[in-house]
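A.B. asks: Sharing run-v1.csv, CSV, C-alpha atoms:
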```
chain,number,residue,atom,x,y,z
A,29,MET,CA,14.4,-42.0,-14.4
A,30,LYS,CA,14.8,-38.7,-12.4
A,31,LEU,CA,13.8,-35.7,-14.5
A,32,PHE,CA,14.0,-32.0,-13.8
A,33,TYR,CA,10.6,-30.5,-14.0
A,34,ASP,CA,8.6,-27.2,-13.9
A,35,PHE,CA,4.9,-27.8,-14.3
A,36,HIS,CA,3.7,-24.2,-13.8
A,37,LEU,CA,4.5,-21.8,-16.6
A,38,HIS,CA,2.5,-19.0,-18.2
A,39,SER,CA,2.8,-17.9,-21.8
A,40,CYS,CA,1.7,-14.6,-23.4
A,41,LEU,CA,-1.8,-16.0,-23.6
A,42,SER,CA,-2.3,-15.4,-19.9
A,43,PRO,CA,-3.2,-11.7,-19.6
A,44,CYS,CA,-0.6,-11.3,-16.8
A,45,GLY,CA,2.1,-13.3,-18.7
A,46,ASP,CA,4.9,-11.2,-20.2
A,47,ASN,CA,4.6,-10.8,-23.9
A,48,GLU,CA,8.1,-12.3,-24.2
A,49,MET,CA,6.8,-15.5,-22.9
A,50,THR,CA,6.1,-16.8,-26.4
A,51,PRO,CA,5.9,-20.6,-26.9
A,52,TYR,CA,9.3,-20.6,-28.6
A,53,ASN,CA,11.0,-18.5,-26.0
A,54,LEU,CA,9.6,-20.2,-22.9
A,55,VAL,CA,10.2,-23.8,-24.1
A,56,ASN,CA,13.8,-23.1,-25.3
A,57,MET,CA,14.5,-21.1,-22.1
A,58,ALA,CA,13.4,-24.1,-20.0
A,59,LYS,CA,15.6,-26.4,-22.2
A,60,LEU,CA,18.6,-24.1,-21.7
A,61,GLY,CA,17.9,-24.1,-17.9
A,62,GLY,CA,18.4,-27.9,-17.9
A,63,LEU,CA,14.7,-28.9,-17.4
A,64,ASP,CA,13.6,-32.2,-18.9
A,65,THR,CA,9.9,-31.8,-18.7
A,66,ILE,CA,7.6,-28.8,-18.3
A,67,ALA,CA,3.9,-28.0,-18.5
A,68,LEU,CA,2.4,-24.9,-20.1
A,69,THR,CA,-0.4,-23.8,-17.7
A,70,ASP,CA,-2.1,-20.6,-18.9
A,71,HIS,CA,-5.1,-19.3,-17.0
A,72,ASN,CA,-8.2,-21.2,-18.1
A,73,THR,CA,-7.0,-22.1,-21.5
A,74,CYS,CA,-4.8,-24.6,-23.4
A,75,LEU,CA,-4.7,-22.7,-26.7
A,76,ASN,CA,-1.0,-22.0,-26.7
A,77,CYS,CA,-0.2,-25.7,-26.1
A,78,PRO,CA,-0.3,-26.7,-29.8
A,79,ALA,CA,2.6,-24.3,-30.4
A,80,ALA,CA,4.5,-25.2,-27.2
A,81,LEU,CA,4.3,-28.9,-27.8
A,82,LYS,CA,5.6,-28.4,-31.4
A,83,VAL,CA,8.5,-26.4,-30.1
A,84,GLY,CA,9.2,-28.9,-27.4
A,85,LYS,CA,9.4,-31.8,-29.8
A,86,LYS,CA,12.0,-29.9,-31.9
A,87,ALA,CA,14.0,-28.8,-28.9
A,88,GLY,CA,13.9,-32.3,-27.3
A,89,ILE,CA,12.1,-31.4,-24.1
A,90,THR,CA,8.7,-32.8,-22.9
A,91,VAL,CA,5.9,-30.2,-22.9
A,92,VAL,CA,2.8,-31.5,-21.0
A,93,PRO,CA,-0.3,-29.7,-22.2
A,94,GLY,CA,-1.8,-28.1,-19.1
A,95,MET,CA,-3.9,-25.3,-17.6
A,96,GLU,CA,-4.1,-23.3,-14.4
A,97,LEU,CA,-7.8,-23.5,-13.9
A,98,CYS,CA,-9.7,-21.1,-11.6
A,99,THR,CA,-12.5,-22.9,-9.8
A,100,SER,CA,-15.7,-21.1,-8.8
A,101,GLU,CA,-14.2,-20.6,-5.4
A,102,GLU,CA,-11.3,-18.7,-7.1
A,103,VAL,CA,-8.9,-21.5,-6.2
A,104,HIS,CA,-6.2,-22.1,-8.8
A,105,MET,CA,-5.6,-25.7,-9.9
A,106,ILE,CA,-2.7,-27.0,-12.0
A,107,CYS,CA,-4.3,-29.3,-14.6
A,108,LEU,CA,-2.2,-31.7,-16.6
A,109,LEU,CA,-3.5,-33.6,-19.7
A,110,PRO,CA,-2.0,-36.7,-21.3
A,111,ASP,CA,-2.1,-35.4,-24.9
A,112,LEU,CA,-3.0,-32.3,-27.0
A,113,GLU,CA,-6.3,-33.6,-28.2
A,114,ARG,CA,-7.7,-34.1,-24.8
A,115,ALA,CA,-6.2,-30.8,-23.6
A,116,LEU,CA,-8.0,-29.0,-26.3
A,117,ASP,CA,-11.3,-30.8,-25.5
A,118,PHE,CA,-10.8,-29.8,-21.9
A,119,SER,CA,-10.0,-26.2,-22.9
A,120,ALA,CA,-13.3,-26.0,-24.9
A,121,TYR,CA,-15.1,-27.4,-21.9
A,122,VAL,CA,-13.7,-24.7,-19.6
A,123,ALA,CA,-14.4,-21.9,-22.2
A,124,GLU,CA,-18.1,-22.8,-22.0
A,125,ARG,CA,-17.9,-22.4,-18.2
A,126,MET,CA,-16.3,-18.9,-18.2
A,127,PRO,CA,-18.2,-15.7,-17.8
A,128,ALA,CA,-18.9,-13.8,-21.0
A,129,ILE,CA,-16.6,-10.9,-20.2
A,130,LYS,CA,-14.3,-9.5,-22.9
A,131,ASN,CA,-10.7,-8.9,-22.1
A,132,ARG,CA,-9.6,-5.3,-21.7
A,133,PRO,CA,-5.9,-5.5,-22.7
A,134,ASP,CA,-5.3,-2.0,-21.3
A,135,ILE,CA,-6.3,-3.3,-17.8
A,136,PHE,CA,-5.5,-7.0,-17.7
A,137,GLY,CA,-2.9,-7.4,-20.5
A,138,ASP,CA,-2.8,-9.0,-23.9
A,139,GLN,CA,-4.0,-12.6,-24.6
A,140,PHE,CA,-1.9,-13.7,-27.6
A,141,ILE,CA,-2.5,-17.0,-29.3
A,142,MET,CA,0.7,-18.0,-31.2
A,143,ASP,CA,2.1,-20.6,-33.6
A,144,ALA,CA,5.4,-22.5,-33.1
A,145,GLN,CA,7.2,-19.6,-34.9
A,146,ASP,CA,5.8,-17.1,-32.4
A,147,ARG,CA,3.5,-15.5,-35.0
A,148,VAL,CA,0.3,-14.1,-33.5
A,149,THR,CA,-2.5,-16.2,-34.9
A,150,GLY,CA,-5.2,-14.7,-32.7
A,151,HIS,CA,-6.3,-12.7,-29.7
A,152,HIS,CA,-8.3,-14.5,-27.0
A,153,GLU,CA,-11.4,-12.3,-26.7
A,154,GLN,CA,-12.9,-13.8,-23.6
A,155,LEU,CA,-11.2,-12.6,-20.4
A,156,LEU,CA,-9.1,-15.4,-19.0
A,157,MET,CA,-8.5,-13.7,-15.7
A,158,ALA,CA,-11.8,-14.8,-14.2
A,159,ALA,CA,-13.3,-17.8,-12.4
A,160,SER,CA,-14.9,-20.8,-14.2
A,161,SER,CA,-18.1,-22.3,-12.8
A,162,ILE,CA,-16.3,-25.5,-12.0
A,163,SER,CA,-16.3,-26.2,-8.3
A,164,ILE,CA,-13.3,-27.5,-6.4
A,165,SER,CA,-15.5,-30.4,-5.2
A,166,HIS,CA,-15.9,-31.7,-8.8
A,167,VAL,CA,-12.5,-30.7,-10.3
A,168,VAL,CA,-10.7,-34.0,-9.7
A,169,LYS,CA,-13.5,-36.0,-11.4
A,170,THR,CA,-13.8,-33.5,-14.2
A,171,LEU,CA,-10.1,-33.8,-15.0
A,172,ALA,CA,-10.4,-37.6,-14.8
A,173,SER,CA,-13.1,-37.5,-17.4
A,174,PHE,CA,-10.6,-35.9,-19.8
A,175,GLY,CA,-7.9,-38.4,-18.8
A,176,GLY,CA,-6.1,-35.7,-16.9
A,177,VAL,CA,-5.1,-34.9,-13.3
A,178,CYS,CA,-5.0,-31.8,-11.1
A,179,TYR,CA,-3.7,-30.5,-7.9
A,180,PRO,CA,-4.1,-27.1,-6.1
A,181,ALA,CA,-1.6,-24.5,-7.1
A,182,HIS,CA,0.7,-22.4,-4.7
A,183,ILE,CA,-1.2,-23.3,-1.6
A,184,ASP,CA,1.0,-21.1,0.5
A,185,ARG,CA,0.1,-18.0,-1.3
A,186,PRO,CA,-2.3,-15.4,0.2
A,187,SER,CA,-4.6,-15.2,-2.8
A,188,TYR,CA,-6.2,-17.6,-5.3
A,189,SER,CA,-5.1,-20.6,-3.2
A,190,VAL,CA,-7.1,-23.4,-1.5
A,191,LEU,CA,-5.8,-22.5,1.9
A,192,SER,CA,-6.3,-18.7,1.5
A,193,ASN,CA,-9.9,-19.1,0.2
A,194,LEU,CA,-11.2,-22.2,1.9
A,195,GLY,CA,-9.0,-22.5,5.0
A,196,SER,CA,-8.0,-26.1,4.7
A,197,ILE,CA,-7.6,-29.1,2.5
A,198,THR,CA,-10.1,-31.9,3.2
A,199,PRO,CA,-9.9,-35.6,2.2
A,200,GLU,CA,-13.1,-35.1,0.3
A,201,MET,CA,-11.3,-32.9,-2.2
A,202,GLY,CA,-9.4,-36.0,-3.3
A,203,PHE,CA,-6.0,-34.4,-3.9
A,204,GLY,CA,-2.8,-36.6,-4.0
A,205,ALA,CA,-0.4,-33.7,-4.5
A,206,VAL,CA,-0.1,-30.0,-3.8
A,207,GLU,CA,2.0,-27.2,-5.3
A,208,LEU,CA,4.1,-24.9,-3.1
A,209,THR,CA,6.0,-21.8,-4.0
A,210,ALA,CA,9.8,-21.6,-3.5
A,211,ALA,CA,9.3,-19.5,-0.4
A,212,ALA,CA,7.0,-22.0,1.4
A,213,ASP,CA,7.7,-22.9,5.0
A,214,LEU,CA,7.2,-26.6,4.8
A,215,ALA,CA,7.5,-27.4,8.5
A,216,ASP,CA,5.0,-24.7,9.4
A,217,LEU,CA,2.5,-25.9,6.7
A,218,PHE,CA,2.8,-29.5,7.9
A,219,LYS,CA,2.1,-28.4,11.5
A,220,GLN,CA,-1.0,-26.5,10.5
A,221,HIS,CA,-2.2,-28.9,7.9
A,222,PRO,CA,-1.2,-32.5,8.8
A,223,ILE,CA,-3.1,-33.8,5.7
A,224,LEU,CA,-0.2,-32.5,3.6
A,225,GLU,CA,2.3,-35.1,5.1
A,226,ALA,CA,0.7,-37.8,3.0
A,227,MET,CA,0.8,-35.8,-0.2
A,228,PHE,CA,3.4,-35.3,-3.0
A,229,ILE,CA,4.9,-31.8,-2.9
A,230,VAL,CA,5.3,-30.2,-6.3
A,231,LYS,CA,7.4,-27.1,-6.6
A,232,GLY,CA,6.3,-24.8,-9.4
A,233,SER,CA,7.9,-21.6,-10.6
A,234,ASP,CA,4.6,-19.9,-11.7
A,235,ALA,CA,6.8,-18.0,-14.1
A,236,HIS,CA,5.2,-15.1,-15.9
A,237,ARG,CA,8.5,-13.8,-17.2
A,238,LEU,CA,11.4,-15.7,-18.9
A,239,MET,CA,13.8,-15.0,-16.1
A,240,ASP,CA,11.4,-16.7,-13.6
A,241,ILE,CA,11.3,-20.1,-15.2
A,242,GLY,CA,12.5,-22.7,-12.7
A,243,ASP,CA,16.1,-24.0,-12.9
A,244,ALA,CA,17.0,-27.6,-12.8
A,245,ARG,CA,16.5,-28.2,-9.1
A,246,HIS,CA,13.4,-30.3,-8.5
A,247,THR,CA,13.1,-33.8,-9.8
A,248,ILE,CA,10.3,-36.3,-10.4
A,249,ASP,CA,10.8,-40.0,-10.9
A,250,LEU,CA,9.1,-41.1,-14.1
A,251,LYS,CA,9.0,-44.3,-16.2
A,252,LYS,CA,9.3,-42.4,-19.4
A,253,ASN,CA,9.8,-38.8,-20.3
A,254,ASP,CA,6.5,-38.0,-21.8
A,255,ALA,CA,3.2,-36.3,-20.9
A,256,GLU,CA,1.3,-39.6,-20.4
A,257,SER,CA,3.9,-40.7,-17.8
A,258,VAL,CA,3.6,-37.4,-15.9
A,259,VAL,CA,-0.2,-37.8,-15.8
A,260,ASP,CA,0.2,-41.4,-14.7
A,261,PHE,CA,2.5,-40.4,-11.9
A,262,PHE,CA,-0.1,-38.0,-10.4
A,263,ASN,CA,-2.9,-40.5,-11.0
A,264,LYS,CA,-1.1,-43.1,-8.9
A,265,LEU,CA,-0.9,-40.6,-6.0
A,266,LEU,CA,-4.7,-40.5,-6.1
A,267,GLY,CA,-4.9,-44.2,-6.0
A,268,GLU,CA,-2.6,-44.4,-3.0
A,269,ASN,CA,-4.8,-42.0,-1.0
A,270,PRO,CA,-7.5,-44.3,0.5
A,271,GLN,CA,-9.7,-41.3,1.5
A,272,SER,CA,-10.0,-40.0,-2.1
B,12,MET,CA,-22.8,12.1,-2.0
B,13,THR,CA,-19.3,12.2,-3.3
B,14,VAL,CA,-16.5,9.8,-2.4
B,15,LYS,CA,-14.9,12.6,-0.4
B,16,GLU,CA,-18.1,13.1,1.7
B,17,LEU,CA,-18.3,9.3,2.2
B,18,ALA,CA,-14.7,9.2,3.4
B,19,THR,CA,-15.3,12.0,5.9
B,20,LYS,CA,-18.6,10.7,7.2
B,21,LEU,CA,-17.3,7.1,7.7
B,22,ASP,CA,-13.8,8.0,8.8
B,23,LEU,CA,-12.2,6.3,5.8
B,24,HIS,CA,-8.5,6.8,5.0
B,25,PHE,CA,-7.3,7.5,1.4
B,26,LEU,CA,-4.7,5.1,0.1
B,27,CYS,CA,-4.8,6.8,-3.4
B,28,GLY,CA,-7.0,8.7,-5.8
B,29,GLU,CA,-7.9,11.6,-3.5
B,30,GLU,CA,-7.9,13.9,-6.5
B,31,GLN,CA,-10.8,11.8,-8.0
B,32,ALA,CA,-12.8,12.0,-4.8
B,33,ASP,CA,-15.4,14.4,-6.2
B,34,ARG,CA,-17.1,11.5,-8.0
B,35,PRO,CA,-20.6,10.7,-6.8
B,36,VAL,CA,-21.2,7.4,-5.0
B,37,THR,CA,-24.6,6.0,-6.2
B,38,GLY,CA,-24.7,2.6,-4.6
B,39,CYS,CA,-22.7,0.0,-2.7
B,40,TYR,CA,-21.6,-3.6,-3.4
B,41,CYS,CA,-19.9,-6.0,-1.0
B,42,GLY,CA,-17.9,-9.0,-2.2
B,43,ASP,CA,-14.5,-10.7,-2.2
B,44,LEU,CA,-14.7,-13.1,-5.1
B,45,LEU,CA,-13.4,-11.0,-7.9
B,46,SER,CA,-15.2,-12.8,-10.7
B,47,TRP,CA,-18.5,-12.4,-8.8
B,48,VAL,CA,-17.9,-8.7,-8.3
B,49,MET,CA,-16.8,-8.2,-11.9
B,50,SER,CA,-20.1,-9.1,-13.3
B,51,ARG,CA,-22.4,-7.7,-10.6
B,52,ALA,CA,-21.0,-4.5,-9.1
B,53,LYS,CA,-22.6,-1.4,-10.7
B,54,GLU,CA,-21.1,1.8,-12.0
B,55,GLY,CA,-20.7,4.3,-9.3
B,56,ASP,CA,-20.8,1.8,-6.4
B,57,ALA,CA,-18.6,1.9,-3.4
B,58,TRP,CA,-17.1,-1.6,-3.4
B,59,LEU,CA,-16.4,-3.0,0.0
B,60,THR,CA,-13.9,-5.8,0.1
B,61,VAL,CA,-10.9,-7.3,1.9
B,62,MET,CA,-9.2,-8.3,-1.5
B,63,GLY,CA,-6.4,-5.9,-2.1
B,64,ASN,CA,-4.4,-7.3,-5.0
B,65,ILE,CA,-3.6,-6.0,-8.5
B,66,ASN,CA,-6.7,-7.8,-9.9
B,67,SER,CA,-9.0,-5.9,-7.6
B,68,VAL,CA,-7.9,-2.7,-9.5
B,69,GLY,CA,-8.7,-4.4,-12.8
B,70,VAL,CA,-12.2,-5.3,-11.5
B,71,ALA,CA,-12.7,-1.7,-10.3
B,72,VAL,CA,-11.9,-0.3,-13.7
B,73,LEU,CA,-14.0,-2.9,-15.5
B,74,ALA,CA,-17.0,-2.4,-13.4
B,75,ASP,CA,-16.4,1.4,-13.2
B,76,ILE,CA,-17.1,1.6,-9.5
B,77,ALA,CA,-16.6,4.9,-7.6
B,78,CYS,CA,-14.2,3.6,-5.1
B,79,ILE,CA,-12.7,0.5,-3.4
B,80,VAL,CA,-13.1,0.4,0.3
B,81,LEU,CA,-10.8,-2.1,2.0
B,82,THR,CA,-12.5,-3.0,5.2
B,83,GLU,CA,-10.9,-4.1,8.5
B,84,ASN,CA,-7.8,-2.4,7.3
B,85,ALA,CA,-7.1,-5.2,4.8
B,86,PRO,CA,-3.8,-4.7,3.1
B,87,PHE,CA,-3.3,-3.3,-0.4
B,88,ASP,CA,-0.1,-4.5,-1.9
B,89,LEU,CA,2.4,-2.3,-3.8
B,90,PRO,CA,1.8,-3.6,-7.3
B,91,ALA,CA,-1.9,-2.9,-6.7
B,92,LEU,CA,-1.2,0.6,-5.4
B,93,GLU,CA,0.9,1.4,-8.5
B,94,ARG,CA,-1.8,0.0,-10.8
B,95,ALA,CA,-4.5,2.0,-9.0
B,96,ARG,CA,-2.6,5.2,-9.4
B,97,GLN,CA,-2.1,4.6,-13.1
B,98,ASN,CA,-5.8,3.9,-13.6
B,99,ARG,CA,-7.0,6.7,-11.3
B,100,VAL,CA,-8.9,4.3,-9.0
B,101,VAL,CA,-9.8,5.7,-5.6
B,102,VAL,CA,-8.8,3.3,-2.8
B,103,LEU,CA,-9.9,3.8,0.8
B,104,GLN,CA,-9.3,1.9,4.0
B,105,ALA,CA,-11.7,1.4,6.8
B,106,GLN,CA,-11.1,0.1,10.3
B,107,LYS,CA,-14.6,-1.3,10.6
B,108,ASN,CA,-15.7,-4.5,9.0
B,109,THR,CA,-17.8,-4.9,5.8
B,110,TYR,CA,-21.1,-5.2,7.7
B,111,GLU,CA,-20.6,-2.1,9.7
B,112,ILE,CA,-19.5,0.0,6.7
B,113,ALA,CA,-22.3,-1.3,4.5
B,114,ALA,CA,-24.9,-0.6,7.3
B,115,ALA,CA,-23.5,3.0,7.7
B,116,ILE,CA,-23.7,3.5,3.9
B,117,ALA,CA,-27.3,2.3,3.9
B,118,ASN,CA,-28.0,4.8,6.7
B,119,LEU,CA,-26.4,7.7,4.7
B,120,PHE,CA,-28.5,6.8,1.6
B,121,GLY,CA,-31.5,6.7,3.9
```
Write the structure described by the file as structure tokens, please.

C.D. replies:
Amino acid sequence: MKLFYDFHLHSCLSPCGDNEMTPYNLVNMAKLGGLDTIALTDHNTCLNCPAALKVGKKAGITVVPGMELCTSEEVHMICLLPDLERALDFSAYVAERMPAIKNRPDIFGDQFIMDAQDRVTGHHEQLLMAASSISISHVVKTLASFGGVCYPAHIDRPSYSVLSNLGSITPEMGFGAVELTAAADLADLFKQHPILEAMFIVKGSDAHRLMDIGDARHTIDLKKNDAESVVDFFNKLLGENPQS
Amino acid sequence: MTVKELATKLDLHFLCGEEQADRPVTGCYCGDLLSWVMSRAKEGDAWLTVMGNINSVGVAVLADIACIVLTENAPFDLPALERARQNRVVVLQAQKNTYEIAAAIANLFG
């Protein structure tokens, strides 16, 4: 079945995420926009996923537990997990690999942890706007060990992207998909990086504000509308790439 | 040596924070990976980088460096400029590359 998706959304737990991006608001806004399946991908944490998944269940929209991981090379990766339990295990794994720097909300913004009713249940003390010690050369395998998948985020952006920081995508990285921004020039990217022609192109909104959440435009063909099927879809792309 | 003296001697151009330029520069740090800089740059350093986005300003405040020096005329985007003004961060631009500016600073410190 063809489903409208947006797999790159930030909540108010991301320091740069608008404080109105509460789990309840963002999931229901996505539902109103006609999306069938979304992923919550806060920077280096899955701790607002329990609330978002709960809201999603009630609203009738699939919420894939996810994360926008910052690798040690400061390359952002969209990570998608098949269920909440494994997402929280992965989140704990990443937390141990983040620098011990406290957030300064006055500089970077608040990091609110919320429940499904948008009540603040905690503040994430450790700064999420930093790089983990996980290298891009291990990230695909690391995700696989948690039953998840990952692909590089906004590769056409001038910062925090695999192309801006490392110059190219190599077969050894083992990616089957890449995310582009809405503004990406596909023909130019294919010309400069022919490796992309064999990859699945994901369009993510990278919304930090409610108004930026993607509308029902990009579809993905899934067997079932659930998180496991989303992860399966991206896993199969890895299998089809003989070089990975 | 103050930020202002550094700017004059090395022909650096102020993007913002000229009114804070009396602050002394006590050292220098070079790096473009923000997470790396965040935990290693020292208070009072002149920080040489080509990374001119909003997070660079956050790192500058957190590490309490004396000034950001964007080498090779690396761009500083508008949200970054606004944030730097709010947080009174001094931002300078240099035509020369990081190596050349760092070497010149080392010379000045003698």

A.B. asks: Under the rule of at most 8 Å, produce a per-residue listing of chain A near chain B: chain, number, name, the closest pair of atoms, and the distance in Å, as CSV, using all atoms listed in the file.

C.D. replies:
```
residue,atom,partner,partner_atom,distance
A:Glu101,CA,B:Leu44,CA,7.5
A:Glu102,CA,B:Leu44,CA,6.8
A:Ile129,CA,B:Ser50,CA,7.9
A:Arg132,CA,B:Leu73,CA,8.0
A:Ile135,CA,B:Gly69,CA,5.7
A:Phe136,CA,B:Gly69,CA,6.4
A:Ala158,CA,B:Ser46,CA,5.3
A:Ala159,CA,B:Ser46,CA,5.6
```

A.B. asks: So, counting all atoms listed in the file, which residue among A:Ser39, A:Gln154, A:Ser196, A:Ser187 is closest to Asn76 (chain A)?

C.D. replies: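 Smallest distance to Asn76 (chain A) is found for A:Ser39.
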
A.B. asks: Quick one: everything within 12 Å of region 56-58 of chain B, counting only C-alpha atoms, minus sequence neighbours fewer than 6 positions away in the same chain. Send it as an NGL selection string.

C.D. replies: :B and (12-15 or 17-18 or 32 or 34-45 or 48-49 or 67-68 or 70-72 or 74-82 or 100-105 or 109 or 112-113 or 116-117)

A.B. asks: So the first atom is CA of Met239 (chain A) and the second is CA of His38 (chain A); what is the distance between them in Å, to one decimal place?

C.D. replies: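 CA of His38 (chain A) lies at a distance of 12.2 Å from CA of Met239 (chain A).
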
A.B. asks: Which residue is closest to Gln106 (chain B)? Choose from B:Glu93, B:Glu16, B:Leu23, B:Phe87 and count only C-alpha atoms.

C.D. replies: B:Leu23
